[in-house]
Amino acid sequence: MSFSAKADMDKVCYVDNQNSPYKFINENCRRNNILVWNSVSYEEQHFHISDYCRFDRNVERTKTGFTCVLYSNVAREHLHQD
């Protein structure tokens with residue numbers, strides 16, 4: 001069995017902007033879990049998607065949340081052009 005066949009997409013992590021979502025993801029979620037993030041405006045979603053979601057999988061968005069496959073339980077590093 002290949003390593004990718006063992007991906008842990010059988011678990012779902014539910015978070016919302018009201019209860020420390022970054023802390024919850026870091027402590028409870030794992031790579032390749034399904035991430036369901038509620039209570040986040042459509043305009044702010046791209047910040048969280050760029051921090052946590054895999055870009056070789058679908059990201060489903062609504063006006064108040066999104067669902068994606070978690071890349072890592074640690075947010076990506078932000079690099080800024082000076």
# chains A, B, ... in the order shown; residues from 1 in each chain; ligands from 1

call {"tool": "select_by_dssp", "arguments": {"residues": "chain A", "states": "strand (DSSP E or B)", "output": "list in words"}}
result
Val12, Cys13, Tyr14, Val15, Asp16, Ile34, Leu35, Val36, Trp37, Asn38, Cys53, Glu60, Arg61, Gly65, Phe66, Thr67, Cys68, Val69 and Leu70 of chain A

call {"tool": "residues_around", "arguments": {"residues": "A:Arg61", "least_positions_apart": "2", "cutoff": "10 Å", "atoms": "only C-alpha atoms", "output": "PyMOL selection string"}}
result
chain A and resi 36-37+42+45-46+49+58-59+63-68

call {"tool": "write_last_selection", "arguments": {"atoms": "N, CA, C and O atoms", "output": "short mmCIF file (atom, residue, chain, number, x, y, z; two decimals), in the first residue's frame"}}
result
data_model
loop_
_atom_site.label_atom_id
_atom_site.label_comp_id
_atom_site.auth_asym_id
_atom_site.auth_seq_id
_atom_site.Cartn_x
_atom_site.Cartn_y
_atom_site.Cartn_z
N VAL A 36 -13.09 21.99 8.48
CA VAL A 36 -14.33 22.72 8.27
C VAL A 36 -14.26 23.95 9.16
O VAL A 36 -14.23 23.83 10.39
N TRP A 37 -14.18 25.13 8.55
CA TRP A 37 -14.00 26.38 9.30
C TRP A 37 -15.25 27.23 9.09
O TRP A 37 -15.54 27.68 8.00
N TYR A 42 -16.47 35.72 4.00
CA TYR A 42 -15.92 35.35 2.69
C TYR A 42 -14.64 36.14 2.40
O TYR A 42 -13.67 35.61 1.87
N GLN A 45 -11.57 34.64 4.36
CA GLN A 45 -11.25 33.22 4.22
C GLN A 45 -9.90 32.96 3.57
O GLN A 45 -9.20 32.02 3.95
N HIS A 46 -9.51 33.78 2.60
CA HIS A 46 -8.26 33.50 1.89
C HIS A 46 -7.05 33.52 2.82
O HIS A 46 -6.08 32.81 2.59
N ILE A 49 -7.21 30.01 4.47
CA ILE A 49 -6.97 28.99 3.44
C ILE A 49 -5.49 28.95 3.09
O ILE A 49 -4.89 27.87 3.00
N ASN A 58 -9.47 20.23 -3.56
CA ASN A 58 -10.53 21.24 -3.63
C ASN A 58 -10.66 22.02 -2.33
O ASN A 58 -10.45 21.48 -1.25
N VAL A 59 -11.01 23.28 -2.47
CA VAL A 59 -11.41 24.13 -1.35
C VAL A 59 -12.83 24.58 -1.66
O VAL A 59 -13.08 25.17 -2.70
N LYS A 63 -20.45 31.77 1.99
CA LYS A 63 -20.36 33.14 2.51
C LYS A 63 -19.84 33.18 3.94
O LYS A 63 -19.32 34.19 4.39
N THR A 64 -20.00 32.08 4.67
CA THR A 64 -19.65 32.08 6.10
C THR A 64 -18.63 31.03 6.51
O THR A 64 -18.40 30.83 7.70
N GLY A 65 -18.02 30.33 5.56
CA GLY A 65 -17.04 29.33 5.94
C GLY A 65 -16.46 28.60 4.75
O GLY A 65 -16.81 28.86 3.61
N PHE A 66 -15.55 27.66 5.04
CA PHE A 66 -14.93 26.88 3.97
C PHE A 66 -14.55 25.50 4.49
O PHE A 66 -14.48 25.26 5.69
N THR A 67 -14.32 24.59 3.56
CA THR A 67 -13.88 23.23 3.84
C THR A 67 -12.71 22.92 2.93
O THR A 67 -12.73 23.26 1.74
N CYS A 68 -11.69 22.27 3.48
CA CYS A 68 -10.53 21.89 2.68
C CYS A 68 -9.81 20.72 3.33
O CYS A 68 -10.15 20.31 4.43
#

call {"tool": "select_by_dssp", "arguments": {"residues": "chain A", "states": "alpha helix (DSSP H)", "output": "NGL selection string"}}
result
:A and (21-28 or 45-52)

call {"tool": "closest_residue", "arguments": {"among": "A:Cys53, A:Val40, A:Leu35, A:Ile25", "to": "A:Val74", "atoms": "only C-alpha atoms"}}
result
A:Ile25

call {"tool": "atom_distance", "arguments": {"atom1": "atom CA of A:His78", "atom2": "atom CA of A:Asp56"}}
result
19.7 Å

call {"tool": "residues_around", "arguments": {"residues": "A:Asn26", "least_positions_apart": "5", "cutoff": "9 Å", "atoms": "only C-alpha atoms", "output": "list in words"}}
result
Pro21, Ser72, Asn73, Val74 and Ala75 of chain A

call {"tool": "atom_distance", "arguments": {"atom1": "atom CA of A:Ser41", "atom2": "atom CA of A:Cys13"}}
result
18.6 Å

call {"tool": "atom_distance", "arguments": {"atom1": "atom CA of A:Phe24", "atom2": "atom CA of A:Glu60"}}
result
20.8 Å

call {"tool": "closest_residue", "arguments": {"among": "A:Asn28, A:Arg57, A:Asn17, A:Tyr71", "to": "A:Glu44", "atoms": "only C-alpha atoms"}}
result
A:Asn17

call {"tool": "closest_residue", "arguments": {"among": "A:Gln18, A:Glu77, A:Asn38, A:Asn32", "to": "A:Phe55", "atoms": "only C-alpha atoms"}}
result
A:Asn32

call {"tool": "decode", "arguments": {"residues": "stretch 37-51 of chain A", "atoms": "all heavy atoms", "output": "mmCIF file, in the first residue's frame"}}
result
data_model
loop_
_atom_site.group_PDB
_atom_site.id
_atom_site.type_symbol
_atom_site.label_atom_id
_atom_site.label_comp_id
_atom_site.auth_asym_id
_atom_site.auth_seq_id
_atom_site.Cartn_x
_atom_site.Cartn_y
_atom_site.Cartn_z
ATOM 1 N N TRP A 37 -14.176 25.129 8.552
ATOM 2 C CA TRP A 37 -14.004 26.382 9.295
ATOM 3 C C TRP A 37 -15.253 27.227 9.088
ATOM 4 O O TRP A 37 -15.537 27.682 7.995
ATOM 5 C CB TRP A 37 -12.787 27.115 8.767
ATOM 6 C CG TRP A 37 -12.252 28.194 9.660
ATOM 7 C CD1 TRP A 37 -12.961 29.189 10.260
ATOM 8 C CD2 TRP A 37 -10.892 28.401 10.018
ATOM 9 N NE1 TRP A 37 -12.135 30.012 10.972
ATOM 10 C CE2 TRP A 37 -10.841 29.541 10.837
ATOM 11 C CE3 TRP A 37 -9.713 27.743 9.717
ATOM 12 C CZ2 TRP A 37 -9.656 30.024 11.370
ATOM 13 C CZ3 TRP A 37 -8.534 28.229 10.247
ATOM 14 C CH2 TRP A 37 -8.506 29.355 11.064
ATOM 15 N N ASN A 38 -16.000 27.440 10.168
ATOM 16 C CA ASN A 38 -17.244 28.216 10.133
ATOM 17 C C ASN A 38 -17.043 29.584 10.762
ATOM 18 O O ASN A 38 -16.034 29.834 11.418
ATOM 19 C CB ASN A 38 -18.347 27.469 10.888
ATOM 20 C CG ASN A 38 -18.722 26.191 10.189
ATOM 21 O OD1 ASN A 38 -19.040 26.197 9.014
ATOM 22 N ND2 ASN A 38 -18.658 25.089 10.908
ATOM 23 N N SER A 39 -18.013 30.441 10.586
ATOM 24 C CA SER A 39 -18.037 31.776 11.193
ATOM 25 C C SER A 39 -16.868 32.644 10.764
ATOM 26 O O SER A 39 -16.266 33.346 11.573
ATOM 27 C CB SER A 39 -18.059 31.677 12.723
ATOM 28 O OG SER A 39 -19.154 30.939 13.163
ATOM 29 N N VAL A 40 -16.541 32.580 9.474
ATOM 30 C CA VAL A 40 -15.497 33.451 8.936
ATOM 31 C C VAL A 40 -16.031 34.069 7.648
ATOM 32 O O VAL A 40 -16.572 33.362 6.792
ATOM 33 C CB VAL A 40 -14.166 32.691 8.718
ATOM 34 C CG1 VAL A 40 -14.329 31.527 7.790
ATOM 35 C CG2 VAL A 40 -13.071 33.619 8.239
ATOM 36 N N SER A 41 -15.907 35.372 7.529
ATOM 37 C CA SER A 41 -16.470 36.054 6.362
ATOM 38 C C SER A 41 -15.755 35.625 5.086
ATOM 39 O O SER A 41 -14.586 35.235 5.104
ATOM 40 C CB SER A 41 -16.356 37.574 6.525
ATOM 41 O OG SER A 41 -15.010 37.979 6.411
ATOM 42 N N TYR A 42 -16.466 35.721 4.005
ATOM 43 C CA TYR A 42 -15.916 35.350 2.694
ATOM 44 C C TYR A 42 -14.644 36.144 2.399
ATOM 45 O O TYR A 42 -13.674 35.608 1.872
ATOM 46 C CB TYR A 42 -16.973 35.584 1.613
ATOM 47 C CG TYR A 42 -16.649 34.945 0.291
ATOM 48 C CD1 TYR A 42 -16.895 33.592 0.078
ATOM 49 C CD2 TYR A 42 -16.084 35.685 -0.736
ATOM 50 C CE1 TYR A 42 -16.586 32.990 -1.132
ATOM 51 C CE2 TYR A 42 -15.780 35.099 -1.947
ATOM 52 C CZ TYR A 42 -16.031 33.743 -2.143
ATOM 53 O OH TYR A 42 -15.713 33.156 -3.341
ATOM 54 N N GLU A 43 -14.617 37.416 2.774
ATOM 55 C CA GLU A 43 -13.472 38.281 2.508
ATOM 56 C C GLU A 43 -12.227 37.880 3.301
ATOM 57 O O GLU A 43 -11.110 38.153 2.872
ATOM 58 C CB GLU A 43 -13.819 39.744 2.810
ATOM 59 C CG GLU A 43 -14.881 40.340 1.906
ATOM 60 C CD GLU A 43 -16.293 39.888 2.269
ATOM 61 O OE1 GLU A 43 -16.535 39.474 3.427
ATOM 62 O OE2 GLU A 43 -17.167 39.938 1.388
ATOM 63 N N GLU A 44 -12.388 37.259 4.457
ATOM 64 C CA GLU A 44 -11.251 36.869 5.300
ATOM 65 C C GLU A 44 -10.786 35.434 5.072
ATOM 66 O O GLU A 44 -9.717 35.039 5.552
ATOM 67 C CB GLU A 44 -11.616 37.039 6.769
ATOM 68 C CG GLU A 44 -11.831 38.469 7.179
ATOM 69 C CD GLU A 44 -12.203 38.595 8.642
ATOM 70 O OE1 GLU A 44 -11.949 37.649 9.426
ATOM 71 O OE2 GLU A 44 -12.751 39.637 9.009
ATOM 72 N N GLN A 45 -11.572 34.644 4.364
ATOM 73 C CA GLN A 45 -11.251 33.220 4.217
ATOM 74 C C GLN A 45 -9.905 32.961 3.573
ATOM 75 O O GLN A 45 -9.204 32.022 3.954
ATOM 76 C CB GLN A 45 -12.347 32.511 3.428
ATOM 77 C CG GLN A 45 -13.651 32.414 4.158
ATOM 78 C CD GLN A 45 -14.736 31.828 3.304
ATOM 79 O OE1 GLN A 45 -14.482 31.157 2.322
ATOM 80 N NE2 GLN A 45 -15.980 32.090 3.664
ATOM 81 N N HIS A 46 -9.510 33.783 2.601
ATOM 82 C CA HIS A 46 -8.260 33.500 1.890
ATOM 83 C C HIS A 46 -7.048 33.522 2.822
ATOM 84 O O HIS A 46 -6.077 32.805 2.587
ATOM 85 C CB HIS A 46 -8.071 34.452 0.703
ATOM 86 C CG HIS A 46 -7.810 35.867 1.065
ATOM 87 N ND1 HIS A 46 -8.809 36.733 1.390
ATOM 88 C CD2 HIS A 46 -6.651 36.554 1.149
ATOM 89 C CE1 HIS A 46 -8.278 37.919 1.665
ATOM 90 N NE2 HIS A 46 -6.974 37.827 1.524
ATOM 91 N N PHE A 47 -7.098 34.290 3.918
ATOM 92 C CA PHE A 47 -5.996 34.287 4.878
ATOM 93 C C PHE A 47 -5.848 32.911 5.523
ATOM 94 O O PHE A 47 -4.745 32.368 5.615
ATOM 95 C CB PHE A 47 -6.217 35.337 5.971
ATOM 96 C CG PHE A 47 -6.203 36.746 5.465
ATOM 97 C CD1 PHE A 47 -7.355 37.505 5.491
ATOM 98 C CD2 PHE A 47 -5.043 37.311 4.944
ATOM 99 C CE1 PHE A 47 -7.354 38.809 5.033
ATOM 100 C CE2 PHE A 47 -5.025 38.611 4.478
ATOM 101 C CZ PHE A 47 -6.189 39.363 4.521
ATOM 102 N N HIS A 48 -6.946 32.333 5.964
ATOM 103 C CA HIS A 48 -6.914 31.032 6.641
ATOM 104 C C HIS A 48 -6.645 29.903 5.651
ATOM 105 O O HIS A 48 -5.919 28.955 5.969
ATOM 106 C CB HIS A 48 -8.228 30.791 7.380
ATOM 107 C CG HIS A 48 -8.568 31.902 8.325
ATOM 108 N ND1 HIS A 48 -7.726 32.318 9.328
ATOM 109 C CD2 HIS A 48 -9.665 32.698 8.397
ATOM 110 C CE1 HIS A 48 -8.291 33.317 9.989
ATOM 111 N NE2 HIS A 48 -9.470 33.562 9.441
ATOM 112 N N ILE A 49 -7.215 30.009 4.471
ATOM 113 C CA ILE A 49 -6.974 28.992 3.438
ATOM 114 C C ILE A 49 -5.493 28.948 3.090
ATOM 115 O O ILE A 49 -4.893 27.869 2.996
ATOM 116 C CB ILE A 49 -7.848 29.257 2.197
ATOM 117 C CG1 ILE A 49 -9.322 28.997 2.533
ATOM 118 C CG2 ILE A 49 -7.394 28.414 1.011
ATOM 119 C CD1 ILE A 49 -10.298 29.491 1.481
ATOM 120 N N SER A 50 -4.871 30.108 2.939
ATOM 121 C CA SER A 50 -3.442 30.128 2.602
ATOM 122 C C SER A 50 -2.584 29.630 3.759
ATOM 123 O O SER A 50 -1.488 29.120 3.541
ATOM 124 C CB SER A 50 -2.998 31.530 2.179
ATOM 125 O OG SER A 50 -3.085 32.430 3.256
ATOM 126 N N ASP A 51 -3.058 29.744 4.978
ATOM 127 C CA ASP A 51 -2.312 29.234 6.135
ATOM 128 C C ASP A 51 -2.383 27.716 6.262
ATOM 129 O O ASP A 51 -1.408 27.086 6.673
ATOM 130 C CB ASP A 51 -2.862 29.833 7.439
ATOM 131 C CG ASP A 51 -2.365 31.230 7.700
ATOM 132 O OD1 ASP A 51 -1.416 31.671 7.026
ATOM 133 O OD2 ASP A 51 -2.934 31.890 8.595
#
